[in-house]
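What follows is start.json (JSON, C-alpha atoms).
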```json
[["chain", "number", "residue", "atom", "x", "y", "z"],
["W", 1, "MET", "CA", 89.01, 91.76, 76.30],
["W", 2, "SER", "CA", 88.63, 88.52, 78.14],
["W", 3, "THR", "CA", 87.06, 88.62, 81.59],
["W", 4, "ASP", "CA", 88.67, 85.37, 82.81],
["W", 5, "PHE", "CA", 91.34, 87.32, 84.73],
["W", 6, "ILE", "CA", 88.63, 88.70, 87.05],
["W", 7, "GLU", "CA", 88.58, 85.31, 88.79],
["W", 8, "THR", "CA", 92.24, 85.80, 89.75],
["W", 9, "LEU", "CA", 91.69, 89.21, 91.37],
["W", 10, "LYS", "CA", 91.51, 89.68, 95.14],
["W", 11, "PHE", "CA", 88.61, 91.85, 96.25],
["W", 12, "ASN", "CA", 88.64, 93.21, 99.81],
["W", 13, "ALA", "CA", 86.15, 92.40, 102.59],
["W", 14, "ASP", "CA", 83.69, 94.84, 101.00],
["W", 15, "GLY", "CA", 84.11, 93.13, 97.62],
["W", 16, "LEU", "CA", 86.13, 96.04, 96.22],
["W", 17, "ILE", "CA", 89.46, 96.58, 94.49],
["W", 18, "PRO", "CA", 91.23, 99.94, 94.00],
["W", 19, "ALA", "CA", 91.66, 101.04, 90.38],
["W", 20, "ILE", "CA", 94.37, 103.54, 89.46],
["W", 21, "VAL", "CA", 93.53, 105.40, 86.25],
["W", 22, "GLN", "CA", 96.39, 106.71, 84.12],
["W", 23, "ASP", "CA", 96.39, 108.81, 80.93],
["W", 24, "ALA", "CA", 97.63, 106.40, 78.26],
["W", 25, "ASP", "CA", 99.42, 109.16, 76.33],
["W", 26, "SER", "CA", 100.95, 111.43, 78.97],
["W", 27, "GLY", "CA", 101.38, 108.91, 81.78],
["W", 28, "ARG", "CA", 99.70, 111.35, 84.18],
["W", 29, "VAL", "CA", 97.89, 109.52, 86.98],
["W", 30, "LEU", "CA", 94.37, 110.91, 86.81],
["W", 31, "MET", "CA", 92.47, 109.39, 89.72],
["W", 32, "MET", "CA", 91.93, 106.39, 91.93],
["W", 33, "ALA", "CA", 88.50, 104.88, 92.51],
["W", 34, "TRP", "CA", 87.01, 101.57, 93.57],
["W", 35, "MET", "CA", 85.53, 98.75, 91.54],
["W", 36, "ASN", "CA", 83.54, 95.70, 92.47],
["W", 37, "ARG", "CA", 83.38, 92.53, 90.38],
["W", 38, "THR", "CA", 80.47, 93.83, 88.29],
["W", 39, "SER", "CA", 82.14, 97.16, 87.55],
["W", 40, "VAL", "CA", 85.37, 95.44, 86.44],
["W", 41, "ALA", "CA", 83.31, 93.24, 84.09],
["W", 42, "LYS", "CA", 81.37, 96.24, 82.77],
["W", 43, "THR", "CA", 84.60, 98.17, 82.24],
["W", 44, "VAL", "CA", 85.96, 95.32, 80.14],
["W", 45, "GLU", "CA", 82.71, 94.77, 78.24],
["W", 46, "THR", "CA", 82.00, 98.43, 77.43],
["W", 47, "GLY", "CA", 85.59, 99.70, 77.07],
["W", 48, "LYS", "CA", 84.70, 102.59, 79.38],
["W", 49, "THR", "CA", 85.51, 102.80, 83.09],
["W", 50, "VAL", "CA", 82.72, 101.87, 85.47],
["W", 51, "PHE", "CA", 83.30, 102.20, 89.22],
["W", 52, "TRP", "CA", 81.48, 101.43, 92.46],
["W", 53, "SER", "CA", 80.50, 104.44, 94.53],
["W", 54, "ARG", "CA", 80.96, 103.62, 98.20],
["W", 55, "SER", "CA", 78.95, 106.68, 99.29],
["W", 56, "ARG", "CA", 76.03, 106.04, 96.94],
["W", 57, "GLN", "CA", 76.40, 102.24, 96.95],
["W", 58, "ALA", "CA", 75.85, 102.20, 93.21],
["W", 59, "LEU", "CA", 77.68, 101.62, 89.94],
["W", 60, "TRP", "CA", 78.72, 104.77, 88.08],
["W", 61, "MET", "CA", 80.19, 105.14, 84.66],
["W", 62, "LYS", "CA", 82.86, 107.84, 84.62],
["W", 63, "GLY", "CA", 81.48, 110.70, 82.54],
["W", 64, "GLU", "CA", 77.82, 109.69, 82.79],
["W", 65, "THR", "CA", 76.97, 113.19, 84.04],
["W", 66, "SER", "CA", 79.97, 115.28, 82.96],
["W", 67, "GLY", "CA", 80.56, 113.64, 79.59],
["W", 68, "ASN", "CA", 84.19, 113.11, 80.61],
["W", 69, "VAL", "CA", 84.32, 109.47, 79.63],
["W", 70, "GLN", "CA", 87.47, 107.33, 80.02],
["W", 71, "TRP", "CA", 88.13, 105.01, 77.06],
["W", 72, "VAL", "CA", 90.07, 101.96, 78.21],
["W", 73, "LYS", "CA", 93.30, 101.13, 76.36],
["W", 74, "ASP", "CA", 94.87, 98.64, 78.76],
["W", 75, "LEU", "CA", 93.96, 97.04, 82.07],
["W", 76, "ALA", "CA", 96.81, 95.78, 84.26],
["W", 77, "PHE", "CA", 96.78, 94.19, 87.69],
["W", 78, "ASP", "CA", 99.55, 93.91, 90.24],
["W", 79, "CYS", "CA", 101.58, 90.98, 91.57],
["W", 80, "ASP", "CA", 99.16, 90.45, 94.46],
["W", 81, "GLY", "CA", 96.10, 90.77, 92.21],
["W", 82, "ASP", "CA", 94.61, 93.34, 94.58],
["W", 83, "THR", "CA", 95.06, 96.59, 92.62],
["W", 84, "LEU", "CA", 94.19, 97.56, 89.03],
["W", 85, "LEU", "CA", 96.04, 100.00, 86.76],
["W", 86, "ILE", "CA", 93.92, 101.18, 83.84],
["W", 87, "GLN", "CA", 95.32, 103.14, 80.89],
["W", 88, "VAL", "CA", 92.70, 105.40, 79.35],
["W", 89, "GLU", "CA", 92.03, 108.08, 76.81],
["W", 90, "GLN", "CA", 90.41, 110.75, 78.98],
["W", 91, "GLU", "CA", 87.79, 113.13, 77.64],
["W", 92, "GLY", "CA", 88.23, 116.54, 79.34],
["W", 93, "ALA", "CA", 88.93, 116.69, 83.05],
["W", 94, "ALA", "CA", 89.13, 113.58, 85.23],
["W", 95, "CYS", "CA", 88.62, 115.54, 88.44],
["W", 96, "HIS", "CA", 85.18, 116.75, 89.52],
["W", 97, "GLN", "CA", 86.88, 120.03, 90.43],
["W", 98, "GLY", "CA", 87.72, 120.58, 86.76],
["W", 99, "PHE", "CA", 91.39, 119.64, 86.85],
["W", 100, "ARG", "CA", 92.83, 117.15, 84.39],
["W", 101, "SER", "CA", 94.08, 115.02, 87.30],
["W", 102, "CYS", "CA", 92.68, 114.68, 90.81],
["W", 103, "PHE", "CA", 96.29, 114.89, 92.06],
["W", 104, "PHE", "CA", 96.63, 118.62, 91.37],
["W", 105, "ARG", "CA", 98.17, 119.46, 94.75],
["W", 106, "SER", "CA", 101.60, 118.38, 95.86],
["W", 107, "VAL", "CA", 104.50, 118.94, 98.19],
["W", 108, "ARG", "CA", 107.77, 118.97, 96.30],
["W", 109, "SER", "CA", 110.92, 117.45, 97.73],
["W", 110, "GLY", "CA", 112.61, 120.19, 99.73],
["W", 111, "GLY", "CA", 109.44, 122.29, 99.61],
["W", 112, "SER", "CA", 107.61, 123.50, 102.66],
["W", 113, "ALA", "CA", 104.16, 124.23, 101.25],
["W", 114, "VAL", "CA", 101.42, 122.61, 99.22],
["W", 115, "GLU", "CA", 101.38, 123.84, 95.61],
["W", 116, "VAL", "CA", 98.69, 123.58, 92.98],
["W", 117, "THR", "CA", 100.57, 122.01, 90.08],
["W", 118, "GLU", "CA", 97.95, 122.18, 87.32],
["W", 119, "SER", "CA", 95.72, 124.77, 85.70],
["W", 120, "ARG", "CA", 92.00, 124.19, 85.92],
["W", 121, "LEU", "CA", 90.78, 122.77, 82.61],
["W", 122, "GLN", "CA", 87.01, 123.10, 83.02],
["W", 123, "ASP", "CA", 84.59, 125.05, 85.21],
["W", 124, "PRO", "CA", 83.39, 122.46, 87.76],
["W", 125, "GLU", "CA", 79.91, 124.04, 87.93],
["W", 126, "ALA", "CA", 79.51, 123.76, 84.16],
["W", 127, "LEU", "CA", 80.66, 120.13, 84.33],
["W", 128, "TYR", "CA", 77.70, 119.02, 86.42],
["W", 129, "ARG", "CA", 75.09, 121.58, 85.35],
["W", 130, "LYS", "CA", 71.86, 119.93, 84.21],
["W", 131, "LYS", "CA", 71.79, 119.90, 80.43],
["Q", 1, "MET", "CA", 108.97, 118.98, 103.06],
["Q", 2, "SER", "CA", 106.38, 120.30, 105.41],
["Q", 3, "THR", "CA", 104.20, 117.79, 107.22],
["Q", 4, "ASP", "CA", 101.28, 120.19, 107.81],
["Q", 5, "PHE", "CA", 99.37, 118.71, 104.88],
["Q", 6, "ILE", "CA", 99.07, 115.40, 106.75],
["Q", 7, "GLU", "CA", 96.34, 116.98, 108.89],
["Q", 8, "THR", "CA", 94.25, 117.51, 105.76],
["Q", 9, "LEU", "CA", 94.42, 113.86, 104.65],
["Q", 10, "LYS", "CA", 91.56, 111.43, 105.17],
["Q", 11, "PHE", "CA", 92.65, 108.10, 106.58],
["Q", 12, "ASN", "CA", 90.19, 105.18, 106.41],
["Q", 13, "ALA", "CA", 88.61, 103.36, 109.36],
["Q", 14, "ASP", "CA", 91.87, 101.44, 109.84],
["Q", 15, "GLY", "CA", 93.86, 104.69, 109.86],
["Q", 16, "LEU", "CA", 95.30, 104.01, 106.39],
["Q", 17, "ILE", "CA", 95.56, 105.80, 103.07],
["Q", 18, "PRO", "CA", 96.52, 104.20, 99.72],
["Q", 19, "ALA", "CA", 99.77, 105.46, 98.19],
["Q", 20, "ILE", "CA", 100.38, 105.10, 94.45],
["Q", 21, "VAL", "CA", 104.08, 105.08, 93.63],
["Q", 22, "GLN", "CA", 105.18, 106.32, 90.21],
["Q", 23, "ASP", "CA", 108.61, 106.44, 88.57],
["Q", 24, "ALA", "CA", 109.42, 110.18, 88.38],
["Q", 25, "ASP", "CA", 111.34, 109.78, 85.12],
["Q", 26, "SER", "CA", 109.38, 107.26, 83.05],
["Q", 27, "GLY", "CA", 105.91, 107.82, 84.53],
["Q", 28, "ARG", "CA", 105.54, 104.07, 84.99],
["Q", 29, "VAL", "CA", 103.27, 103.24, 87.93],
["Q", 30, "LEU", "CA", 105.38, 100.94, 90.08],
["Q", 31, "MET", "CA", 103.16, 99.80, 92.95],
["Q", 32, "MET", "CA", 100.41, 100.68, 95.36],
["Q", 33, "ALA", "CA", 100.77, 100.21, 99.10],
["Q", 34, "TRP", "CA", 99.22, 101.56, 102.28],
["Q", 35, "MET", "CA", 100.44, 104.23, 104.67],
["Q", 36, "ASN", "CA", 99.31, 105.28, 108.12],
["Q", 37, "ARG", "CA", 99.90, 108.72, 109.61],
["Q", 38, "THR", "CA", 103.32, 107.75, 110.97],
["Q", 39, "SER", "CA", 104.52, 106.28, 107.70],
["Q", 40, "VAL", "CA", 103.46, 109.40, 105.76],
["Q", 41, "ALA", "CA", 105.43, 111.53, 108.24],
["Q", 42, "LYS", "CA", 108.46, 109.22, 108.04],
["Q", 43, "THR", "CA", 108.31, 109.28, 104.24],
["Q", 44, "VAL", "CA", 108.41, 113.08, 104.29],
["Q", 45, "GLU", "CA", 111.12, 113.26, 106.97],
["Q", 46, "THR", "CA", 113.46, 110.66, 105.47],
["Q", 47, "GLY", "CA", 112.77, 111.28, 101.76],
["Q", 48, "LYS", "CA", 112.34, 107.51, 101.34],
["Q", 49, "THR", "CA", 108.99, 105.68, 101.14],
["Q", 50, "VAL", "CA", 107.81, 104.04, 104.35],
["Q", 51, "PHE", "CA", 104.59, 102.01, 104.29],
["Q", 52, "TRP", "CA", 102.35, 100.17, 106.76],
["Q", 53, "SER", "CA", 102.18, 96.43, 106.31],
["Q", 54, "ARG", "CA", 98.64, 95.27, 106.96],
["Q", 55, "SER", "CA", 99.72, 91.62, 107.16],
["Q", 56, "ARG", "CA", 102.62, 92.24, 109.53],
["Q", 57, "GLN", "CA", 101.02, 95.25, 111.28],
["Q", 58, "ALA", "CA", 104.33, 97.06, 111.13],
["Q", 59, "LEU", "CA", 106.06, 99.92, 109.38],
["Q", 60, "TRP", "CA", 108.38, 98.94, 106.54],
["Q", 61, "MET", "CA", 110.77, 101.05, 104.57],
["Q", 62, "LYS", "CA", 110.73, 100.05, 100.90],
["Q", 63, "GLY", "CA", 114.11, 98.47, 100.18],
["Q", 64, "GLU", "CA", 115.01, 97.71, 103.79],
["Q", 65, "THR", "CA", 115.64, 94.08, 102.83],
["Q", 66, "SER", "CA", 116.12, 94.22, 99.05],
["Q", 67, "GLY", "CA", 118.03, 97.47, 98.87],
["Q", 68, "ASN", "CA", 115.51, 98.72, 96.31],
["Q", 69, "VAL", "CA", 114.88, 102.06, 98.00],
["Q", 70, "GLN", "CA", 112.48, 104.65, 96.60],
["Q", 71, "TRP", "CA", 113.76, 108.24, 96.81],
["Q", 72, "VAL", "CA", 110.85, 110.66, 97.03],
["Q", 73, "LYS", "CA", 110.76, 113.51, 94.49],
["Q", 74, "ASP", "CA", 107.18, 114.70, 94.92],
["Q", 75, "LEU", "CA", 104.19, 113.79, 97.06],
["Q", 76, "ALA", "CA", 100.74, 114.68, 95.73],
["Q", 77, "PHE", "CA", 97.29, 114.02, 97.16],
["Q", 78, "ASP", "CA", 93.93, 113.94, 95.42],
["Q", 79, "CYS", "CA", 90.88, 116.20, 95.54],
["Q", 80, "ASP", "CA", 89.27, 114.13, 98.31],
["Q", 81, "GLY", "CA", 92.53, 113.91, 100.29],
["Q", 82, "ASP", "CA", 92.16, 110.16, 100.54],
["Q", 83, "THR", "CA", 94.82, 108.93, 98.10],
["Q", 84, "LEU", "CA", 98.53, 109.77, 97.73],
["Q", 85, "LEU", "CA", 100.57, 109.84, 94.52],
["Q", 86, "ILE", "CA", 104.31, 109.71, 95.16],
["Q", 87, "GLN", "CA", 106.93, 110.34, 92.47],
["Q", 88, "VAL", "CA", 110.14, 108.46, 93.18],
["Q", 89, "GLU", "CA", 113.54, 107.53, 91.89],
["Q", 90, "GLN", "CA", 113.42, 103.74, 92.17],
["Q", 91, "GLU", "CA", 116.53, 101.66, 92.85],
["Q", 92, "GLY", "CA", 116.22, 98.36, 90.95],
["Q", 93, "ALA", "CA", 112.91, 96.52, 90.87],
["Q", 94, "ALA", "CA", 109.85, 97.80, 92.73],
["Q", 95, "CYS", "CA", 108.14, 94.40, 92.63],
["Q", 96, "HIS", "CA", 109.10, 91.61, 95.01],
["Q", 97, "GLN", "CA", 108.90, 89.29, 92.00],
["Q", 98, "GLY", "CA", 111.80, 91.14, 90.42],
["Q", 99, "PHE", "CA", 109.88, 93.22, 87.89],
["Q", 100, "ARG", "CA", 110.38, 96.96, 87.61],
["Q", 101, "SER", "CA", 106.65, 97.48, 88.21],
["Q", 102, "CYS", "CA", 104.17, 95.32, 90.12],
["Q", 103, "PHE", "CA", 101.75, 95.88, 87.21],
["Q", 104, "PHE", "CA", 103.60, 93.57, 84.82],
["Q", 105, "ARG", "CA", 100.50, 91.71, 83.64],
["Q", 106, "SER", "CA", 97.76, 93.24, 81.57],
["Q", 107, "VAL", "CA", 94.85, 92.67, 79.24],
["Q", 108, "ARG", "CA", 95.09, 94.90, 76.20],
["Q", 109, "SER", "CA", 92.04, 96.49, 74.63],
["Q", 110, "GLY", "CA", 90.74, 94.00, 72.08],
["Q", 111, "GLY", "CA", 92.94, 91.29, 73.55],
["Q", 112, "SER", "CA", 91.64, 88.05, 74.91],
["Q", 113, "ALA", "CA", 94.48, 86.94, 77.17],
["Q", 114, "VAL", "CA", 96.65, 88.18, 80.00],
["Q", 115, "GLU", "CA", 100.11, 89.19, 78.78],
["Q", 116, "VAL", "CA", 103.31, 89.75, 80.73],
["Q", 117, "THR", "CA", 104.36, 93.21, 79.53],
["Q", 118, "GLU", "CA", 107.79, 93.54, 81.17],
["Q", 119, "SER", "CA", 111.02, 91.61, 81.36],
["Q", 120, "ARG", "CA", 112.13, 90.51, 84.79],
["Q", 121, "LEU", "CA", 114.84, 92.88, 86.04],
["Q", 122, "GLN", "CA", 116.16, 90.97, 89.03],
["Q", 123, "ASP", "CA", 116.07, 87.41, 90.37],
["Q", 124, "PRO", "CA", 113.47, 87.53, 93.17],
["Q", 125, "GLU", "CA", 115.34, 84.93, 95.20],
["Q", 126, "ALA", "CA", 118.50, 87.00, 95.10],
["Q", 127, "LEU", "CA", 116.53, 90.08, 96.13],
["Q", 128, "TYR", "CA", 115.59, 88.68, 99.51],
["Q", 129, "ARG", "CA", 118.51, 86.33, 100.11],
["Q", 130, "LYS", "CA", 120.18, 86.93, 103.47],
["Q", 131, "LYS", "CA", 123.29, 88.99, 102.90]]
```
Please lay out the structure from this file as structure tokens.
Amino acid sequence: MSTDFIETLKFNADGLIPAIVQDADSGRVLMMAWMNRTSVAKTVETGKTVFWSRSRQALWMKGETSGNVQWVKDLAFDCDGDTLLIQVEQEGAACHQGFRSCFFRSVRSGGSAVEVTESRLQDPEALYRKK
Amino acid sequence: MSTDFIETLKFNADGLIPAIVQDADSGRVLMMAWMNRTSVAKTVETGKTVFWSRSRQALWMKGETSGNVQWVKDLAFDCDGDTLLIQVEQEGAACHQGFRSCFFRSVRSGGSAVEVTESRLQDPEALYRKK
């Protein structure tokens, strides 16, 4: 992938851009995380998603601890150039709580309560246990 | 829909939360925009997406000018409670440039150039022409 498009992106005051991650096969939206310029470039170069952790102020490759790597199939950006949409092949669970998608809770139209809409795929403790 | 869940959401320092909007039928991610507490409540109450415009510092209902309303089918939130994923039935184009999705440009894995991946659905000038 070319990295020229990175120059056309709009990063916010903190130098970050939100990246929506979607399962390339099922279309399920898996998570949203933030990238800085370096992590966008690393994502393109390595073909695996690399984000910027705002709490740890550090780059992190998705799956570096859990093994649940995201293999990049397509990287899109929106009309304003200020949001990314990345299609991936997801290994295991995207969510640190062991669900396939971080968006496992929802309120349905006409519903009055929050429902858990997915089964847990992996034991979250096992995911981050020291190997 | 109940609005109790709004109390569990985490809004950022500006009182905003990002909302990913997805086509309920096709799974296509259409756009990302920001909501404040009031716009989340209005979205739930009216069943139509209402966002907060950071540039205009005002609430806006999607489609109020263009007619391209988004009818809410499901509203999910992520594990951290700081991002929304809204499934909608989209009237016409979601993008102000007349594309179905704002993410109409992408770099494919192995590709070296930005490609336009959608056909334009509506003439953007006609979309916002005074009626």
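Using only C-alpha atoms, the shortest contact distance between Thr46 in chain Q and any of Q:Ser2, Q:Gln22, Q:Phe11, Q:Asp80 is found at Q:Ser2.
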Pairwise distance for CA of Thr83 in chain Q and CA of Asn12 in chain W, rounded to one decimal in Å: 17.0 Å
Counting only C-alpha atoms, the residue of W:Trp34, W:Trp71, W:Phe77, W:Tyr128 that sits nearest Cys95 in chain W: W:Tyr128
Under the rule of at most 9 Å, produce a per-residue listing of chain Q near chain W: chain, number, name, the closest pair of atoms, and the distance in Å, as JSON lines, using all atoms listed in the file.
```
{"residue": "Q:Met1", "atom": "CA", "partner": "W:Ser112", "partner_atom": "CA", "distance": 4.7}
{"residue": "Q:Ser2", "atom": "CA", "partner": "W:Ser112", "partner_atom": "CA", "distance": 4.4}
{"residue": "Q:Thr3", "atom": "CA", "partner": "W:Ser112", "partner_atom": "CA", "distance": 8.1}
{"residue": "Q:Asp4", "atom": "CA", "partner": "W:Ala113", "partner_atom": "CA", "distance": 8.2}
{"residue": "Q:Phe5", "atom": "CA", "partner": "W:Val114", "partner_atom": "CA", "distance": 7.2}
{"residue": "Q:Pro18", "atom": "CA", "partner": "W:Pro18", "partner_atom": "CA", "distance": 8.9}
{"residue": "Q:Ile20", "atom": "CA", "partner": "W:Ile20", "partner_atom": "CA", "distance": 8.0}
{"residue": "Q:Gln22", "atom": "CA", "partner": "W:Val29", "partner_atom": "CA", "distance": 8.6}
{"residue": "Q:Ser26", "atom": "CA", "partner": "W:Gly27", "partner_atom": "CA", "distance": 8.3}
{"residue": "Q:Gly27", "atom": "CA", "partner": "W:Gly27", "partner_atom": "CA", "distance": 5.4}
{"residue": "Q:Arg28", "atom": "CA", "partner": "W:Gly27", "partner_atom": "CA", "distance": 7.1}
{"residue": "Q:Val29", "atom": "CA", "partner": "W:Leu85", "partner_atom": "CA", "distance": 8.0}
{"residue": "Q:Met31", "atom": "CA", "partner": "W:Asp78", "partner_atom": "CA", "distance": 7.4}
{"residue": "Q:Met32", "atom": "CA", "partner": "W:Thr83", "partner_atom": "CA", "distance": 7.3}
{"residue": "Q:Val44", "atom": "CA", "partner": "W:Ser109", "partner_atom": "CA", "distance": 8.3}
{"residue": "Q:Gly47", "atom": "CA", "partner": "W:Ser109", "partner_atom": "CA", "distance": 7.6}
{"residue": "Q:Val72", "atom": "CA", "partner": "W:Ser109", "partner_atom": "CA", "distance": 6.8}
{"residue": "Q:Lys73", "atom": "CA", "partner": "W:Ser109", "partner_atom": "CA", "distance": 5.1}
{"residue": "Q:Asp74", "atom": "CA", "partner": "W:Arg108", "partner_atom": "CA", "distance": 4.5}
{"residue": "Q:Leu75", "atom": "CA", "partner": "W:Val107", "partner_atom": "CA", "distance": 5.3}
{"residue": "Q:Ala76", "atom": "CA", "partner": "W:Ser106", "partner_atom": "CA", "distance": 3.8}
{"residue": "Q:Phe77", "atom": "CA", "partner": "W:Phe103", "partner_atom": "CA", "distance": 5.3}
{"residue": "Q:Asp78", "atom": "CA", "partner": "W:Phe103", "partner_atom": "CA", "distance": 4.2}
{"residue": "Q:Cys79", "atom": "CA", "partner": "W:Cys102", "partner_atom": "CA", "distance": 5.3}
{"residue": "Q:Asp80", "atom": "CA", "partner": "W:Cys102", "partner_atom": "CA", "distance": 8.3}
{"residue": "Q:Thr83", "atom": "CA", "partner": "W:Met32", "partner_atom": "CA", "distance": 7.3}
{"residue": "Q:Leu84", "atom": "CA", "partner": "W:Phe103", "partner_atom": "CA", "distance": 8.0}
{"residue": "Q:Leu85", "atom": "CA", "partner": "W:Phe103", "partner_atom": "CA", "distance": 7.1}
{"residue": "Q:Cys95", "atom": "CA", "partner": "W:Cys79", "partner_atom": "CA", "distance": 7.5}
{"residue": "Q:His96", "atom": "CA", "partner": "W:Cys79", "partner_atom": "CA", "distance": 8.3}
{"residue": "Q:Gln97", "atom": "CA", "partner": "W:Cys79", "partner_atom": "CA", "distance": 7.5}
{"residue": "Q:Ser101", "atom": "CA", "partner": "W:Asp78", "partner_atom": "CA", "distance": 8.2}
{"residue": "Q:Cys102", "atom": "CA", "partner": "W:Asp78", "partner_atom": "CA", "distance": 4.8}
{"residue": "Q:Phe103", "atom": "CA", "partner": "W:Asp78", "partner_atom": "CA", "distance": 4.2}
{"residue": "Q:Phe104", "atom": "CA", "partner": "W:Asp78", "partner_atom": "CA", "distance": 6.8}
{"residue": "Q:Arg105", "atom": "CA", "partner": "W:Ala76", "partner_atom": "CA", "distance": 5.5}
{"residue": "Q:Ser106", "atom": "CA", "partner": "W:Ala76", "partner_atom": "CA", "distance": 3.8}
{"residue": "Q:Val107", "atom": "CA", "partner": "W:Leu75", "partner_atom": "CA", "distance": 5.3}
{"residue": "Q:Arg108", "atom": "CA", "partner": "W:Asp74", "partner_atom": "CA", "distance": 4.5}
{"residue": "Q:Ser109", "atom": "CA", "partner": "W:Lys73", "partner_atom": "CA", "distance": 5.1}
{"residue": "Q:Gly110", "atom": "CA", "partner": "W:Met1", "partner_atom": "CA", "distance": 5.1}
{"residue": "Q:Gly111", "atom": "CA", "partner": "W:Met1", "partner_atom": "CA", "distance": 4.8}
{"residue": "Q:Ser112", "atom": "CA", "partner": "W:Ser2", "partner_atom": "CA", "distance": 4.4}
{"residue": "Q:Ala113", "atom": "CA", "partner": "W:Ser2", "partner_atom": "CA", "distance": 6.1}
{"residue": "Q:Val114", "atom": "CA", "partner": "W:Phe5", "partner_atom": "CA", "distance": 7.2}
```
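CA of Ala93 in chain Q to CA of Arg120 in chain Q spans 8.6 Å [interatomic distance, one decimal].
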Distance of CA of Glu125 in chain W from CA of Gln90 in chain W, expressed in Å to one decimal place: 19.2 Å
Contact residues around Gly15 in chain W with all atoms listed in the file at 9 Å, ignoring same-chain residues under 6 positions, as a PyMOL selection string: chain W and resi 35-37
